[in-house]
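So this block is final.txt, compact mmCIF, C-alpha atoms:
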```
# COMPACT_ATOMS: atom_id res chain seq x y z
CA MET A 1 53.51 102.18 168.90
CA ALA A 2 54.28 99.65 166.14
CA SER A 3 57.90 98.86 165.41
CA TYR A 4 59.73 97.25 162.52
CA LYS A 5 63.20 95.88 161.74
CA THR A 6 65.30 96.60 158.69
CA LYS A 7 68.83 96.77 157.41
CA ALA A 8 69.69 100.31 156.33
CA ILE A 9 72.55 102.68 155.52
CA VAL A 10 72.84 106.10 157.18
CA ILE A 11 72.84 108.64 154.34
CA ASN A 12 72.28 111.89 156.26
CA ARG A 13 72.11 113.21 159.80
CA LEU A 14 71.14 116.47 161.49
CA ASN A 15 71.56 117.60 165.08
CA LEU A 16 68.36 118.01 167.07
CA GLY A 17 68.34 119.81 170.39
CA GLU A 18 71.26 119.26 172.74
CA SER A 19 71.77 115.52 172.39
CA ASP A 20 69.52 114.03 169.70
CA ARG A 21 69.95 113.42 165.99
CA ILE A 22 67.64 113.10 163.01
CA LEU A 23 68.92 110.32 160.79
CA THR A 24 68.00 109.61 157.19
CA LEU A 25 68.30 105.87 156.60
CA PHE A 26 68.12 104.09 153.28
CA SER A 27 66.52 100.66 153.46
CA PRO A 28 65.80 98.03 150.80
CA GLU A 29 62.33 97.30 152.22
CA TYR A 30 61.16 100.77 153.21
CA GLY A 31 63.20 103.19 151.11
CA LYS A 32 64.20 106.44 152.82
CA ILE A 33 63.36 106.62 156.51
CA ARG A 34 63.69 109.75 158.63
CA SER A 35 64.02 108.85 162.29
CA VAL A 36 64.98 110.47 165.58
CA CYS A 37 67.94 108.97 167.41
CA LYS A 38 67.37 110.10 171.00
CA GLY A 39 70.60 110.76 172.87
CA GLY A 40 72.57 109.85 169.77
CA ARG A 41 75.13 112.60 170.31
CA ARG A 42 75.92 111.66 173.90
CA THR A 43 79.36 110.14 174.53
CA LYS A 44 77.86 107.09 176.23
CA SER A 45 74.96 106.63 173.81
CA LYS A 46 74.00 103.01 173.25
CA PHE A 47 74.04 103.74 169.52
CA GLY A 48 77.76 104.52 169.58
CA GLY A 49 79.14 104.76 166.05
CA HIS A 50 75.98 103.30 164.56
CA THR A 51 74.75 106.77 163.60
CA GLU A 52 77.86 107.74 161.61
CA LEU A 53 77.41 108.44 157.91
CA PHE A 54 77.72 105.32 155.71
CA SER A 55 77.10 102.98 158.65
CA TYR A 56 75.25 99.84 157.56
CA CYS A 57 73.21 98.46 160.45
CA ASP A 58 70.33 96.29 161.54
CA PHE A 59 67.87 98.80 162.97
CA VAL A 60 64.76 98.49 165.11
CA ILE A 61 62.50 101.49 164.49
CA SER A 62 59.26 102.57 166.13
CA GLU A 63 56.67 104.36 164.05
CA GLY A 64 56.00 107.97 165.04
CA LYS A 65 53.55 110.71 164.05
CA ASN A 66 55.97 112.87 162.07
CA LEU A 67 59.30 111.09 162.44
CA ASP A 68 59.97 107.49 163.37
CA ILE A 69 62.10 106.78 166.44
CA LEU A 70 65.24 104.67 166.47
CA SER A 71 64.87 102.01 169.15
CA ASP A 72 67.90 99.78 168.68
CA SER A 73 70.74 99.08 166.26
CA CYS A 74 73.47 96.57 165.54
CA LEU A 75 76.37 97.64 163.35
CA ILE A 76 77.12 95.47 160.31
CA THR A 77 79.90 97.68 158.96
CA ASN A 78 80.92 101.26 158.29
CA PHE A 79 82.35 101.28 154.80
CA LEU A 80 84.76 104.17 155.34
CA ALA A 81 85.62 104.04 159.04
CA ASP A 82 88.66 101.74 158.86
CA LYS A 83 90.52 103.51 156.06
CA PRO A 84 89.30 107.11 155.90
CA ASP A 85 90.17 108.71 152.58
CA MET A 86 88.86 112.17 151.68
CA GLU A 87 88.27 111.40 147.98
CA LYS A 88 86.33 108.23 148.88
CA ILE A 89 84.32 110.11 151.52
CA LYS A 90 83.40 112.87 149.04
CA THR A 91 82.29 110.24 146.49
CA ALA A 92 80.18 108.36 149.06
CA TYR A 93 78.63 111.64 150.21
CA TYR A 94 77.75 112.51 146.61
CA PHE A 95 75.92 109.20 146.17
CA ALA A 96 74.08 109.73 149.46
CA GLU A 97 73.06 113.28 148.57
CA VAL A 98 71.70 112.27 145.15
CA ILE A 99 69.62 109.49 146.73
CA ASN A 100 68.41 111.77 149.51
CA ARG A 101 67.37 114.52 147.10
CA LEU A 102 65.82 112.36 144.36
CA LEU A 103 63.96 109.61 146.19
CA PRO A 104 60.76 110.25 148.19
CA ASP A 105 60.42 109.04 151.78
CA LYS A 106 59.03 105.58 152.52
CA THR A 107 59.12 104.52 148.87
CA PRO A 108 61.15 101.33 148.43
CA ASN A 109 63.52 101.04 145.48
CA ARG A 110 65.52 97.85 145.77
CA GLU A 111 67.47 98.50 142.56
CA VAL A 112 68.79 101.83 143.83
CA PHE A 113 69.59 100.34 147.24
CA ASP A 114 71.54 97.47 145.65
CA LEU A 115 73.40 99.95 143.44
CA TYR A 116 74.36 102.14 146.41
CA LEU A 117 75.41 99.12 148.47
CA PHE A 118 77.55 97.86 145.58
CA CYS A 119 79.26 101.27 145.26
CA LEU A 120 80.04 101.43 148.98
CA GLU A 121 81.29 97.84 149.05
CA ASN A 122 83.62 98.58 146.13
CA ILE A 123 84.67 102.12 146.99
CA TYR A 124 88.27 101.03 147.63
CA GLN A 125 88.45 98.67 144.65
CA ILE A 126 87.10 100.87 141.84
CA PRO A 127 88.62 104.29 140.97
CA GLU A 128 86.43 107.23 142.04
CA LYS A 129 85.63 108.58 138.57
CA LEU A 130 84.63 105.17 137.25
CA LEU A 131 82.54 104.42 140.33
CA GLN A 132 80.77 107.78 140.01
CA LEU A 133 80.00 107.00 136.37
CA ILE A 134 78.66 103.53 137.22
CA PHE A 135 76.41 105.03 139.89
CA VAL A 136 75.00 107.89 137.81
CA ALA A 137 74.63 105.92 134.58
CA LYS A 138 72.70 103.11 136.27
CA LEU A 139 70.68 105.43 138.51
CA LEU A 140 69.45 107.44 135.52
CA LYS A 141 68.41 104.20 133.83
CA ILE A 142 66.59 102.91 136.93
CA LEU A 143 64.72 106.19 137.46
CA GLY A 144 63.73 106.53 133.80
CA ILE A 145 65.54 109.82 133.16
CA TYR A 146 68.23 108.34 130.93
CA PRO A 147 69.51 110.39 127.95
CA GLU A 148 69.27 109.30 124.31
CA LEU A 149 72.68 107.83 123.46
CA SER A 150 71.95 105.93 120.24
CA VAL A 151 70.56 108.45 117.75
CA CYS A 152 70.46 112.22 117.41
CA VAL A 153 67.80 113.61 119.73
CA LYS A 154 66.68 116.20 117.15
CA CYS A 155 66.79 114.47 113.74
CA GLU A 156 66.72 110.85 115.01
CA HIS A 157 69.55 109.80 112.68
CA LYS A 158 72.66 108.07 113.93
CA PRO A 159 75.44 110.70 114.05
CA ASN A 160 78.73 110.15 112.27
CA LYS A 161 81.27 109.04 114.90
CA ASP A 162 83.52 111.95 113.90
CA ASP A 163 80.74 114.53 114.33
CA LEU A 164 79.33 113.55 117.70
CA TYR A 165 78.04 116.09 120.22
CA PHE A 166 76.20 115.92 123.54
CA SER A 167 73.63 118.38 124.87
CA LYS A 168 72.20 118.03 128.35
CA MET A 169 69.43 120.47 127.42
CA ALA A 170 68.49 118.38 124.38
CA GLY A 171 68.67 115.20 126.42
CA GLY A 172 71.34 113.23 124.63
CA ILE A 173 73.63 113.03 121.62
CA ILE A 174 73.26 115.19 118.51
CA ASP A 175 75.06 115.45 115.20
CA GLN A 176 77.12 118.43 114.07
CA THR A 177 74.30 120.08 112.11
CA CYS A 178 71.78 119.76 114.92
CA SER A 179 74.34 120.94 117.46
CA LEU A 180 73.92 124.45 116.06
CA HIS A 181 70.48 124.57 117.69
CA PHE A 182 71.79 123.99 121.22
CA GLU A 183 74.08 126.45 122.98
CA ASP A 184 75.29 123.87 125.48
CA ALA A 185 76.32 121.30 122.82
CA ILE A 186 79.83 120.03 123.41
CA ARG A 187 81.88 117.78 121.20
CA THR A 188 82.38 114.25 122.43
CA ASP A 189 83.52 110.96 120.93
CA GLU A 190 82.25 107.48 120.24
CA ASN A 191 84.26 105.78 123.02
CA THR A 192 82.89 108.13 125.67
CA ILE A 193 79.28 107.48 124.67
CA LYS A 194 79.85 103.74 124.27
CA LEU A 195 81.29 103.54 127.78
CA TRP A 196 78.34 105.40 129.31
CA ARG A 197 75.86 103.22 127.41
CA TYR A 198 77.65 99.99 128.35
CA LEU A 199 77.72 100.81 132.07
CA ALA A 200 74.06 101.81 132.08
CA ASP A 201 72.96 98.58 130.39
CA SER A 202 75.24 96.13 132.25
CA PRO A 203 75.23 94.88 135.85
CA ALA A 204 77.17 97.23 138.14
CA SER A 205 79.78 94.54 138.70
CA ALA A 206 80.60 94.51 134.96
CA GLY A 207 82.16 97.95 135.28
CA ALA A 208 84.67 96.87 137.91
CA ASN A 209 87.08 95.29 135.44
CA ILE A 210 86.46 97.45 132.42
CA SER A 211 89.52 98.34 130.36
CA THR A 212 89.49 101.87 128.98
CA SER A 213 91.48 105.07 129.31
CA GLU A 214 91.22 107.42 132.28
CA THR A 215 90.51 110.22 129.80
CA THR A 216 87.44 108.43 128.44
CA ILE A 217 86.19 107.63 131.95
CA ALA A 218 86.64 111.26 133.05
CA ALA A 219 84.87 112.58 129.94
CA ALA A 220 81.89 110.24 130.31
CA ASN A 221 81.67 110.93 134.04
CA LEU A 222 81.60 114.68 133.48
CA LEU A 223 78.78 114.39 130.94
CA ALA A 224 76.78 112.12 133.26
CA ILE A 225 77.18 114.37 136.32
CA GLU A 226 76.24 117.51 134.36
CA TYR A 227 73.25 115.71 132.87
CA ILE A 228 71.82 114.53 136.21
CA HIS A 229 72.23 118.06 137.55
CA CYS A 230 70.34 119.44 134.53
CA VAL A 231 67.44 116.99 134.41
CA THR A 232 66.77 117.03 138.16
CA GLN A 233 67.28 120.81 138.52
CA ILE A 234 68.91 120.17 141.89
CA ASP A 235 71.99 122.00 143.10
CA TYR A 236 74.01 119.19 144.67
CA LYS A 237 76.42 120.66 147.21
CA SER A 238 78.71 117.66 146.85
CA LEU A 239 79.19 118.36 143.13
CA ARG A 240 81.02 121.56 144.02
CA VAL A 241 83.23 119.60 146.39
CA LEU A 242 83.97 116.90 143.80
CA SER A 243 84.87 119.45 141.16
```
Rewritten as structure tokens:
Amino acid sequence: MASYKTKAIVINRLNLGESDRILTLFSPEYGKIRSVCKGGRRTKSKFGGHTELFSYCDFVISEGKNLDILSDSCLITNFLADKPDMEKIKTAYYFAEVINRLLPDKTPNREVFDLYLFCLENIYQIPEKLLQLIFVAKLLKILGIYPELSVCVKCEHKPNKDDLYFSKMAGGIIDQTCSLHFEDAIRTDENTIKLWRYLADSPASAGANISTSETTIAAANLLAIEYIHCVTQIDYKSLRVLS
């Protein structure tokens, strides 16, 4: 049975039988990997805390017919183990759930991996709402499901900054006249859209020191989260927890 080595982050886990676990790992080289961790739930398991959510490890994995098998692991870090904080945990779980639901197995996406790693590395440095916005804005851009944030989706004219609306069903911003065609259109403002656009187009690290109001961050984050829910048609359990 062939084996391979990779760094990966544990993004999901399920109990299997009396002592085993099925882990979903996210790797830069292999994408999402589903593997069986035999004996992983035993107190004296050699894997110890390496199978905890958000653990970042060096893994040795053997290829299997349906699921790969975890052979060995060496912990690099667990991003939330030292200072557990419920709001941080909920945010990290949201990121993991989105990745797990949107990305296919064994399909590498280095950009998404780097984005997720950045968010976990900075989860105690960047406020939750801003970090959530950075993650969703950049993820939408990477996956090619980004909304139109420059001109009105319907008439293709640039809306007046005082008559700016957003419709997740339309797929972006709309002006006041066009907003009458979309039941879900909600009024927004120029700063909210500018922030979303800036974070999507800039390196993730650029958002760490951004200076803007908490109100603007919260407004942009809400639009982004509702939009990703609409375009993917996925009911993210963690969204209910976050809200």
#### Entry: Atom pair CA of Asn66 (chain A) / CA of Gly31 (chain A): separation (Å)
16.3 Å
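Of the listed residues A:Ile134, A:Ile11, A:Asp105, A:Asp163, the one whose atoms come nearest to Ala218 (chain A) is A:Ile134, with distances taken using only C-alpha atoms.
You will find CA of Glu226 (chain A) at 11.3 Å from CA of Leu133 (chain A).
Residue nearest Lys106 (chain A), chosen from A:Cys119, A:Leu25, A:Ala185, A:Leu80 and counting all atoms listed in the file: A:Leu25.
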Quick one: contact table of region 134-160 of chain A to region 201-217 of chain A, 10 Å max, nearest atom pair and distance in Å to one decimal per residue, counting only C-alpha atoms, chain and number order, as a Markdown table?
```
| residue | atom | partner | partner_atom | distance |
| --- | --- | --- | --- | --- |
| A:Ile134 | CA | A:Ala204 | CA | 6.5 |
| A:Phe135 | CA | A:Ala204 | CA | 8.0 |
| A:Ala137 | CA | A:Asp201 | CA | 8.6 |
| A:Lys138 | CA | A:Asp201 | CA | 7.4 |
| A:Lys141 | CA | A:Asp201 | CA | 8.0 |
```
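Counting all atoms listed in the file and comparing A:Ala8, A:Leu120, A:Ile22, A:Leu14, the residue that lies closest to Ser73 (chain A) is A:Ala8.
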### Query
What lies within 9 Å of Thr91 (chain A) using all atoms listed in the file, ignoring chain neighbours under 3 positions off, as an NGL selection string?
:A and (86-88 or 94-96 or 123 or 128-129 or 131-132 or 238 or 242)
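Counting from CA of Gly64 (chain A), the distance to CA of Leu102 (chain A) is 23.3 Å.
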### Message
Need to verify the contact set: Leu103 (chain A), 10 Å, all atoms listed in the file, exclusion of same-chain residues closer than 6 positions in sequence. Can you return it as a list in words?
### Response
Phe26, Gly31, Lys32, Asn109, Val112 and Leu143 of chain A
### Task
Just the residues within 12 Å of Lys7 (chain A), please, counting all atoms listed in the file, with nothing from its chain fewer than 3 positions along; format it as a list in words.
Tyr4, Val10, Leu25, Phe26, Ser27, Pro28, Glu29, Tyr30, Gly31, Lys32, Ile33, Ser55, Tyr56, Cys57, Asp58, Phe59, Val60, Ile61, Asp72, Ser73, Cys74, Leu75, Ile76, Thr77, Phe113 and Leu117 of chain A
